[in-house]
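Heads up: the structure comes next, in structure tokens.
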Amino acid sequence: MLRQLAEPAAGVLQPQPEASEHFEGSANLIVEGDNLQVLKRLLPAYRQQVKMIYIDPPYNTGRGFLYPDNFRQPLASYRREAGGGSGGESEGRLHARWLNMMYPRLKLAREMLREDGVLFVSIDDHEVHTLRMILDEIFGAANFVAMFPWQSRTSRQNDTDLSVQHEYVLAYARQRRHKQRRLKPDNADLWHRLEGFAAYPAPVDPSRYANPDNDPRGPWKADPFDAPNLRPRLTYAITNPATGQVHWPPEGRCWRTGEDRFRELLADGRIVFGRRGRTRPQLKVFYAEKRAYGETASTWLDGATFGTATAGTRELQGLFDGASPFSYPKPTSLVRFLLRLATGPDDLVMDFFAGSGVTGHATLAQNQEDGGRRRFALVQLPEPTLDKRWPTIADLTRERLRRSAAVLASEAGFRAFRLGPPPPAGAPPWHWLPELGVPLHARLESLDSERGLYRLEHQDERATLCTAATPSGALLESILADDPDDLVLAEGALEGRAGLRDRLQQQLARRGARLRFGPRG
């Protein structure tokens, strides 16, 4: 598996404008091809650029699936790779190939993540234990975030002795924040700038707040005024002013504030003693004040709130005229929860087991809800579906994104690319972009395709690309006359012409520009 990582990527990334939606204006990406090779190609441009990766890999169940998900290794092959012996052969073979498939992809995934990025992986009981071991190795055990149990079904299985109704979502950060994780009023200015991943708070549920006393500050809820631990400074008697009853903290606990602060809260009408004024002291927490800081999200993902596998299937049926062309799709409500937990409005999201395209669909839906501009990058193998309407799963991924965008009235679109052989001479050099560290949503336009000249624009940078294998001195002089920010030539274009190379570098340097080299051809 480490050899797979070291091997050069096979193929290059070529655009498919005819399979895209709003190709020129879109910042979203769908790449068709083997995800290991695609990730290798994308890495130079997307290294530490991705805020969240969500993947739903094959579960190694041994049952049929549109994506080949039975990675059980033949005995003879396993014995050769394991060095002989018989101890644990059956168990080892069960996991070996699946782990060999996952390991290099997860290594590359970590490289894609920003320092505050996070990886979410859907998985079931078959491989959750082995997955945690390799994620501990790749990310470090200290960067484990959570293991979310997800209620994938609410109905019961009646053909067995135990009805399995859950799967998991494992979460690992590239760098887990270990202090100041919770967004609070006293760290709000600092929280967004701190290093490492911390989950965004969940939205406050307004239905939990009421205003029975018509407080002018609006709806509120009563929180216990006691807190964990024994602290002498926070242990004192509180007298109910209405009844005279004296209260002390419960055994093993203390009050939330010191006595002076308590008096301030009492004078401000923020302390109540139950609905009838006769119970322990409670703190009024106002919705208007709490809303900005949210609530701590829970790791328990119930089916009613976050959707079930059946809900995911029904979503597909709603898009595909009652048919479900993909088995076991995740519900968008599950992925949207992860998006709210991990991303801000301008972040990049990746899924390299894209399947039916649920991550892209969820990203569009979440953007519509909160006005965000999140972008997605999806990768999917062109695995046959035996359906003439969308012959491969990659075709299905793109079709779902078209249909979901229509339902959501989204014009975000996507750029479709395919992993394949190098393009013919004269084709736009899109495959140069990742090698130059430029993402595939950059602008590339033809200046003179016959001479292999193109202009690349990304953010505030412009470059002239020349794909000619051996550009003439006259051609290069004409390029310099256009005053490019940077000049990018094909690898080997100046081989044996050291003098010309030195002159070009000097002329460009005087203008604050650079001479760079892309792939050959």
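Numbering starts fresh at 1 for the residues of each chain in the structure tokens, the chains themselves are lettered A, B, ... in the order given, and ligands are numbered from 1 as they appear.
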_Test item: residues at most 7 Å from stretch 455-465 of chain A, only C-alpha atoms, excluding those fewer than 2 positions along its chain, as an MDAnalysis selection string_ = chainID A and resid 442:447 453 467 484:489
Same residues, N, CA and C atoms, output as a PDB file, in the first residue's frame:
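And here's selection-v7.pdb as it stands now:
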ATOM      1  N   ALA A 442      -9.827  27.561 -11.859  1.00  0.00           N
ATOM      2  CA  ALA A 442      -9.188  28.756 -12.416  1.00  0.00           C
ATOM      3  C   ALA A 442      -9.646  28.965 -13.859  1.00  0.00           C
ATOM      4  N   ARG A 443      -9.357  30.140 -14.384  1.00  0.00           N
ATOM      5  CA  ARG A 443      -9.750  30.485 -15.753  1.00  0.00           C
ATOM      6  C   ARG A 443      -8.584  30.226 -16.704  1.00  0.00           C
ATOM      7  N   LEU A 444      -8.838  29.478 -17.772  1.00  0.00           N
ATOM      8  CA  LEU A 444      -7.832  29.184 -18.793  1.00  0.00           C
ATOM      9  C   LEU A 444      -8.426  29.526 -20.146  1.00  0.00           C
ATOM     10  N   GLU A 445      -7.807  30.461 -20.859  1.00  0.00           N
ATOM     11  CA  GLU A 445      -8.334  30.857 -22.164  1.00  0.00           C
ATOM     12  C   GLU A 445      -7.244  30.773 -23.216  1.00  0.00           C
ATOM     13  N   SER A 446      -7.656  30.532 -24.442  1.00  0.00           N
ATOM     14  CA  SER A 446      -6.723  30.396 -25.551  1.00  0.00           C
ATOM     15  C   SER A 446      -6.322  31.773 -26.073  1.00  0.00           C
ATOM     16  N   LEU A 447      -5.016  31.976 -26.245  1.00  0.00           N
ATOM     17  CA  LEU A 447      -4.498  33.180 -26.895  1.00  0.00           C
ATOM     18  C   LEU A 447      -4.175  32.900 -28.360  1.00  0.00           C
ATOM     19  N   LEU A 453      -0.393  28.831 -27.129  1.00  0.00           N
ATOM     20  CA  LEU A 453      -0.361  29.901 -26.149  1.00  0.00           C
ATOM     21  C   LEU A 453      -1.704  30.034 -25.451  1.00  0.00           C
ATOM     22  N   THR A 467       2.731  25.707 -24.646  1.00  0.00           N
ATOM     23  CA  THR A 467       2.841  24.246 -24.647  1.00  0.00           C
ATOM     24  C   THR A 467       3.765  23.713 -25.735  1.00  0.00           C
ATOM     25  N   PRO A 484       3.765  39.386 -19.551  1.00  0.00           N
ATOM     26  CA  PRO A 484       3.043  38.443 -18.671  1.00  0.00           C
ATOM     27  C   PRO A 484       3.522  38.555 -17.237  1.00  0.00           C
ATOM     28  N   ASP A 485       2.632  38.204 -16.298  1.00  0.00           N
ATOM     29  CA  ASP A 485       3.047  38.126 -14.898  1.00  0.00           C
ATOM     30  C   ASP A 485       4.058  37.002 -14.709  1.00  0.00           C
ATOM     31  N   ASP A 486       3.736  35.828 -15.254  1.00  0.00           N
ATOM     32  CA  ASP A 486       4.630  34.668 -15.232  1.00  0.00           C
ATOM     33  C   ASP A 486       4.622  34.027 -16.608  1.00  0.00           C
ATOM     34  N   LEU A 487       5.683  33.330 -16.919  1.00  0.00           N
ATOM     35  CA  LEU A 487       5.761  32.553 -18.155  1.00  0.00           C
ATOM     36  C   LEU A 487       5.967  31.096 -17.774  1.00  0.00           C
ATOM     37  N   VAL A 488       5.111  30.219 -18.295  1.00  0.00           N
ATOM     38  CA  VAL A 488       5.193  28.790 -17.996  1.00  0.00           C
ATOM     39  C   VAL A 488       5.430  28.040 -19.292  1.00  0.00           C
ATOM     40  N   LEU A 489       6.520  27.312 -19.356  1.00  0.00           N
ATOM     41  CA  LEU A 489       6.872  26.517 -20.526  1.00  0.00           C
ATOM     42  C   LEU A 489       6.792  25.040 -20.196  1.00  0.00           C
TER      43      LEU A 489
END
*asked:* Ranking A:Val349, A:Leu283, A:Leu316, A:Val164 by minimum distance to A:Val118 and counting only C-alpha atoms, which one comes first?
replied: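 That would be A:Val349, the residue with the smallest distance to A:Val118.
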*asked:* Which residues are near stretch 396-412 of chain A? Cut-off 10 Å, only C-alpha atoms, ignore same chain within fewer than 3 positions. Put them as a VMD selection string.
replied: chain A and resid 19 to 23 25 to 28 30 to 32 315 to 316 318 to 320 325 to 326 354 to 362 364 to 365 367 to 368 373 to 375 378 to 380 382 385 387 389 to 393 415 to 416
Give me, as an mmCIF file with N, CA and C atoms, in the first residue's frame, all polymer residues having an atom no more than 8 Å from A:Arg182, counting only C-alpha atoms and skipping those fewer than 3 positions away in the same chain.
data_model
loop_
_atom_site.group_PDB
_atom_site.id
_atom_site.type_symbol
_atom_site.label_atom_id
_atom_site.label_comp_id
_atom_site.auth_asym_id
_atom_site.auth_seq_id
_atom_site.Cartn_x
_atom_site.Cartn_y
_atom_site.Cartn_z
ATOM 1 N N ALA A 198 -12.017 22.737 15.840
ATOM 2 C CA ALA A 198 -13.045 22.686 16.877
ATOM 3 C C ALA A 198 -14.384 22.776 16.178
ATOM 4 N N PRO A 201 -20.645 25.370 16.983
ATOM 5 C CA PRO A 201 -21.800 25.008 17.813
ATOM 6 C C PRO A 201 -23.032 24.742 16.977
ATOM 7 N N THR A 296 -23.822 23.041 22.300
ATOM 8 C CA THR A 296 -22.909 21.939 22.028
ATOM 9 C C THR A 296 -23.635 20.838 21.259
#
*Members of stretch 129-320 of chain A assigned alpha helix (DSSP H) by DSSP, as a PyMOL selection string*: chain A and resi 129-139+188-191+259-267+287-290+303-306+309-319
*Which residue out of A:Gly33, A:Pro149, A:Pro250, A:Pro384 has the minimum interatomic distance to A:Val121 when only C-alpha atoms are used?*
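Among the listed residues, the smallest separation from A:Val121 belongs to A:Pro149.
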*asked:* List as number ranges by chain the protein and nucleic acid residues near stretch 233-244 of chain A, meaning an atom at most 12 Å away when only C-alpha atoms are counted, but skip any in the same chain fewer than 2 places from it.
replied: A: 225-231, 246-263, 266-267, 271-274, 276-282
Could you write those residues out with N, CA, C and O atoms, as a compact mmCIF listing (two decimals), in the first residue's frame?
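Result file follows (again.txt):
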# COMPACT_ATOMS: atom_id res chain seq x y z
N PHE A 225 -28.22 26.24 38.50
CA PHE A 225 -27.19 27.19 38.91
C PHE A 225 -25.99 26.48 39.53
O PHE A 225 -24.97 27.12 39.81
N ASP A 226 -26.08 25.18 39.75
CA ASP A 226 -24.94 24.46 40.31
C ASP A 226 -24.06 23.92 39.19
O ASP A 226 -24.48 23.80 38.04
N ALA A 227 -22.81 23.59 39.56
CA ALA A 227 -21.81 23.14 38.59
C ALA A 227 -20.98 22.02 39.20
O ALA A 227 -20.97 21.84 40.43
N PRO A 228 -20.25 21.26 38.37
CA PRO A 228 -19.45 20.14 38.90
C PRO A 228 -18.31 20.62 39.79
O PRO A 228 -17.89 21.77 39.73
N ASN A 229 -17.82 19.71 40.62
CA ASN A 229 -16.63 19.86 41.47
C ASN A 229 -16.94 20.62 42.77
O ASN A 229 -17.96 21.28 42.90
N LEU A 230 -15.98 20.52 43.68
CA LEU A 230 -16.05 21.22 44.97
C LEU A 230 -15.04 22.36 44.96
O LEU A 230 -13.84 22.14 44.83
N ARG A 231 -15.55 23.59 45.08
CA ARG A 231 -14.67 24.75 45.09
C ARG A 231 -15.14 25.67 46.22
O ARG A 231 -16.26 26.20 46.17
N VAL A 246 -33.07 28.42 52.70
CA VAL A 246 -31.63 28.49 52.42
C VAL A 246 -31.22 27.27 51.58
O VAL A 246 -31.58 26.13 51.91
N HIS A 247 -30.45 27.52 50.53
CA HIS A 247 -30.00 26.44 49.63
C HIS A 247 -28.47 26.40 49.60
O HIS A 247 -27.81 27.45 49.54
N TRP A 248 -27.96 25.18 49.65
CA TRP A 248 -26.54 24.94 49.44
C TRP A 248 -26.37 24.10 48.17
O TRP A 248 -27.33 23.45 47.72
N PRO A 249 -25.19 24.12 47.57
CA PRO A 249 -25.01 23.28 46.37
C PRO A 249 -25.26 21.81 46.69
O PRO A 249 -25.02 21.37 47.82
N PRO A 250 -25.72 21.02 45.73
CA PRO A 250 -25.86 19.57 45.94
C PRO A 250 -24.51 18.96 46.32
O PRO A 250 -23.44 19.52 46.04
N GLU A 251 -24.55 17.81 46.94
CA GLU A 251 -23.33 17.13 47.39
C GLU A 251 -22.38 16.91 46.22
O GLU A 251 -22.77 16.44 45.16
N GLY A 252 -21.12 17.28 46.42
CA GLY A 252 -20.10 17.09 45.39
C GLY A 252 -20.08 18.17 44.32
O GLY A 252 -19.34 18.06 43.34
N ARG A 253 -20.90 19.23 44.51
CA ARG A 253 -20.97 20.28 43.49
C ARG A 253 -20.81 21.65 44.15
O ARG A 253 -20.74 21.76 45.39
N CYS A 254 -20.75 22.68 43.32
CA CYS A 254 -20.64 24.05 43.81
C CYS A 254 -21.58 24.92 42.98
O CYS A 254 -22.25 24.44 42.07
N TRP A 255 -21.63 26.24 43.28
CA TRP A 255 -22.42 27.13 42.45
C TRP A 255 -21.62 27.57 41.22
O TRP A 255 -20.39 27.45 41.19
N ARG A 256 -22.31 28.10 40.23
CA ARG A 256 -21.67 28.49 38.97
C ARG A 256 -20.82 29.74 39.11
O ARG A 256 -19.88 29.95 38.32
N THR A 257 -21.14 30.62 40.04
CA THR A 257 -20.41 31.88 40.19
C THR A 257 -20.10 32.13 41.67
O THR A 257 -20.66 31.47 42.55
N GLY A 258 -19.25 33.10 41.90
CA GLY A 258 -19.01 33.55 43.26
C GLY A 258 -20.20 34.32 43.80
O GLY A 258 -21.15 34.67 43.07
N GLU A 259 -20.15 34.63 45.09
CA GLU A 259 -21.31 35.23 45.76
C GLU A 259 -21.60 36.64 45.23
O GLU A 259 -22.77 37.01 45.06
N ASP A 260 -20.59 37.43 44.95
CA ASP A 260 -20.82 38.79 44.44
C ASP A 260 -21.52 38.75 43.08
O ASP A 260 -22.45 39.53 42.83
N ARG A 261 -21.04 37.86 42.23
CA ARG A 261 -21.67 37.75 40.91
C ARG A 261 -23.10 37.26 41.04
O ARG A 261 -23.99 37.69 40.29
N PHE A 262 -23.35 36.34 41.97
CA PHE A 262 -24.72 35.87 42.18
C PHE A 262 -25.64 37.04 42.54
O PHE A 262 -26.75 37.15 42.02
N ARG A 263 -25.18 37.91 43.41
CA ARG A 263 -26.02 39.05 43.80
C ARG A 263 -26.33 39.94 42.58
O ARG A 263 -27.44 40.47 42.46
N LEU A 266 -28.98 38.19 40.58
CA LEU A 266 -30.28 38.26 41.26
C LEU A 266 -30.91 39.64 41.07
O LEU A 266 -32.11 39.76 40.76
N ALA A 267 -30.09 40.68 41.20
CA ALA A 267 -30.60 42.04 41.03
C ALA A 267 -31.04 42.30 39.59
O ALA A 267 -31.95 43.12 39.34
N ILE A 271 -32.04 35.27 38.13
CA ILE A 271 -32.13 34.10 39.01
C ILE A 271 -33.60 33.83 39.29
O ILE A 271 -34.36 34.73 39.66
N VAL A 272 -34.00 32.59 39.09
CA VAL A 272 -35.37 32.17 39.42
C VAL A 272 -35.27 30.95 40.34
O VAL A 272 -34.25 30.24 40.36
N PHE A 273 -36.33 30.71 41.08
CA PHE A 273 -36.39 29.56 42.00
C PHE A 273 -37.54 28.65 41.58
O PHE A 273 -38.46 28.39 42.33
N GLY A 274 -37.47 28.18 40.31
CA GLY A 274 -38.51 27.31 39.79
C GLY A 274 -39.73 28.10 39.34
O GLY A 274 -39.84 29.32 39.53
N ARG A 276 -42.73 28.15 40.48
CA ARG A 276 -43.52 28.73 41.58
C ARG A 276 -42.65 29.43 42.62
O ARG A 276 -43.12 29.82 43.67
N GLY A 277 -41.36 29.55 42.33
CA GLY A 277 -40.48 30.28 43.22
C GLY A 277 -40.11 29.56 44.49
O GLY A 277 -39.77 30.19 45.50
N ARG A 278 -40.16 28.21 44.46
CA ARG A 278 -39.94 27.47 45.72
C ARG A 278 -38.86 26.39 45.60
O ARG A 278 -38.69 25.60 46.52
N THR A 279 -38.13 26.32 44.49
CA THR A 279 -37.14 25.25 44.32
C THR A 279 -35.73 25.85 44.33
O THR A 279 -35.53 27.02 44.67
N ARG A 280 -34.76 25.03 43.96
CA ARG A 280 -33.36 25.46 43.94
C ARG A 280 -33.18 26.63 42.97
O ARG A 280 -33.92 26.75 41.99
N PRO A 281 -32.13 27.43 43.18
CA PRO A 281 -31.88 28.55 42.27
C PRO A 281 -31.52 28.06 40.87
O PRO A 281 -30.83 27.06 40.70
N GLN A 282 -32.03 28.78 39.87
CA GLN A 282 -31.73 28.50 38.47
C GLN A 282 -31.36 29.80 37.77
O GLN A 282 -31.76 30.90 38.19
*List every residue of stretch 146-227 of chain A that DSSP, applied to the backbone, labels as strand (DSSP E or B), and write the result as a list in words.*
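Listing strand (DSSP E or B) positions across stretch 146-227 of chain A yields Ala146, Met147, Phe148, Pro149, Trp150, Gln151, His166, Glu167, Tyr168, Val169, Leu170, Ala171, Tyr172, Ala173, Arg176, Phe197, Ala202, Ala210, Trp220, Lys221, Ala222, Asp223, Pro224, Asp226 and Ala227 of chain A.
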A:Gly269 surroundings by only C-alpha atoms, 9 Å radius, close-in-sequence under 4 positions cut, as an mmCIF file with N, CA, C and O atoms, in the first residue's frame:
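Contents of around-v9.cif, as written:
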data_model
loop_
_atom_site.group_PDB
_atom_site.id
_atom_site.type_symbol
_atom_site.label_atom_id
_atom_site.label_comp_id
_atom_site.auth_asym_id
_atom_site.auth_seq_id
_atom_site.Cartn_x
_atom_site.Cartn_y
_atom_site.Cartn_z
ATOM 1 N N ASP A 215 -40.693 38.717 30.347
ATOM 2 C CA ASP A 215 -39.427 39.430 30.510
ATOM 3 C C ASP A 215 -39.143 40.228 29.229
ATOM 4 O O ASP A 215 -39.213 39.675 28.121
ATOM 5 N N GLU A 264 -25.352 40.116 41.702
ATOM 6 C CA GLU A 264 -25.579 40.915 40.497
ATOM 7 C C GLU A 264 -26.644 40.254 39.608
ATOM 8 O O GLU A 264 -27.536 40.939 39.074
ATOM 9 N N LEU A 265 -26.554 38.943 39.459
ATOM 10 C CA LEU A 265 -27.528 38.216 38.636
ATOM 11 C C LEU A 265 -28.920 38.285 39.258
ATOM 12 O O LEU A 265 -29.926 38.441 38.543
ATOM 13 N N LYS A 284 -31.491 32.190 34.479
ATOM 14 C CA LYS A 284 -32.205 32.505 33.248
ATOM 15 C C LYS A 284 -31.197 32.640 32.094
ATOM 16 O O LYS A 284 -30.266 33.449 32.163
#
*Rounded to one decimal place, report the atom CA of A:Val38-atom CA of A:Leu113 distance in Å.*
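Going from atom CA of A:Val38 over to atom CA of A:Leu113 covers 15.7 Å.
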*Check the smallest atom-to-atom distance from each of A:Gly452, A:Gly294, A:Pro104, A:Pro471 to A:Gly426 using only C-alpha atoms, then report the winner.*
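Nearest to A:Gly426: A:Gly452.
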_Which residues are near A:Leu39? Cut-off 9 Å, only C-alpha atoms, ignore same chain within fewer than 4 positions. Put them as a list of chain:residue names._
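Returned residues: A:Ala9, A:Asp34, A:Asn35, A:Leu43, A:Arg105, A:Leu108, A:Ala109, A:Met112, A:Phe352, A:Val379.
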Those same residues, written as a compact mmCIF listing (two decimals), in the first residue's frame with N, CA, C and O atoms?
# COMPACT_ATOMS: atom_id res chain seq x y z
N ALA A 9 1.39 9.15 -10.46
CA ALA A 9 -0.02 9.06 -10.84
C ALA A 9 -0.15 8.64 -12.28
O ALA A 9 0.61 9.09 -13.15
N ASP A 34 -10.25 6.72 -11.03
CA ASP A 34 -9.83 6.04 -9.82
C ASP A 34 -9.38 7.10 -8.80
O ASP A 34 -8.51 7.93 -9.08
N ASN A 35 -9.97 7.04 -7.60
CA ASN A 35 -9.72 8.14 -6.67
C ASN A 35 -8.27 8.22 -6.19
O ASN A 35 -7.80 9.31 -5.86
N LEU A 43 -3.32 16.75 -5.59
CA LEU A 43 -2.61 17.13 -4.37
C LEU A 43 -1.78 18.40 -4.50
O LEU A 43 -1.82 19.25 -3.59
N ARG A 105 -5.33 6.10 0.35
CA ARG A 105 -6.31 7.16 0.10
C ARG A 105 -6.48 8.05 1.34
O ARG A 105 -6.61 9.27 1.22
N LEU A 108 -3.48 10.39 1.67
CA LEU A 108 -3.61 11.56 0.81
C LEU A 108 -4.69 12.51 1.32
O LEU A 108 -4.56 13.73 1.20
N ALA A 109 -5.74 11.95 1.90
CA ALA A 109 -6.80 12.79 2.45
C ALA A 109 -6.25 13.72 3.52
O ALA A 109 -6.60 14.91 3.57
N MET A 112 -4.63 16.70 2.11
CA MET A 112 -5.55 17.68 1.53
C MET A 112 -6.11 18.64 2.58
O MET A 112 -6.48 19.77 2.27
N PHE A 352 -14.23 11.76 -2.05
CA PHE A 352 -13.61 10.98 -3.12
C PHE A 352 -14.19 9.57 -3.23
O PHE A 352 -13.62 8.72 -3.93
N VAL A 379 -15.03 12.98 -6.39
CA VAL A 379 -14.31 12.04 -7.23
C VAL A 379 -15.09 10.73 -7.23
O VAL A 379 -15.51 10.25 -6.17
*For atom CA of A:Pro212 and atom CA of A:Lys290, determine how far apart the two atoms are, in Å to one decimal place.*
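Here the two named atoms are 18.0 Å from each other.
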*Point-to-point distance in Å for atom CA of A:Gly371 and atom CA of A:Asp302*: 26.3 Å
*Which of these, A:Leu381, A:Arg275, A:Ala173, A:Phe517, has the shortest distance to A:Asp213 once you count only C-alpha atoms?*
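Of A:Leu381, A:Arg275, A:Ala173, A:Phe517, the one nearest A:Asp213, counting only C-alpha atoms, is A:Arg275.
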*asked:* My list of candidates is A:Trp98, A:Tyr293, A:Trp300, A:Tyr287. Which is closest to A:Trp150 when distances are computed with only C-alpha atoms?
replied: A:Trp300
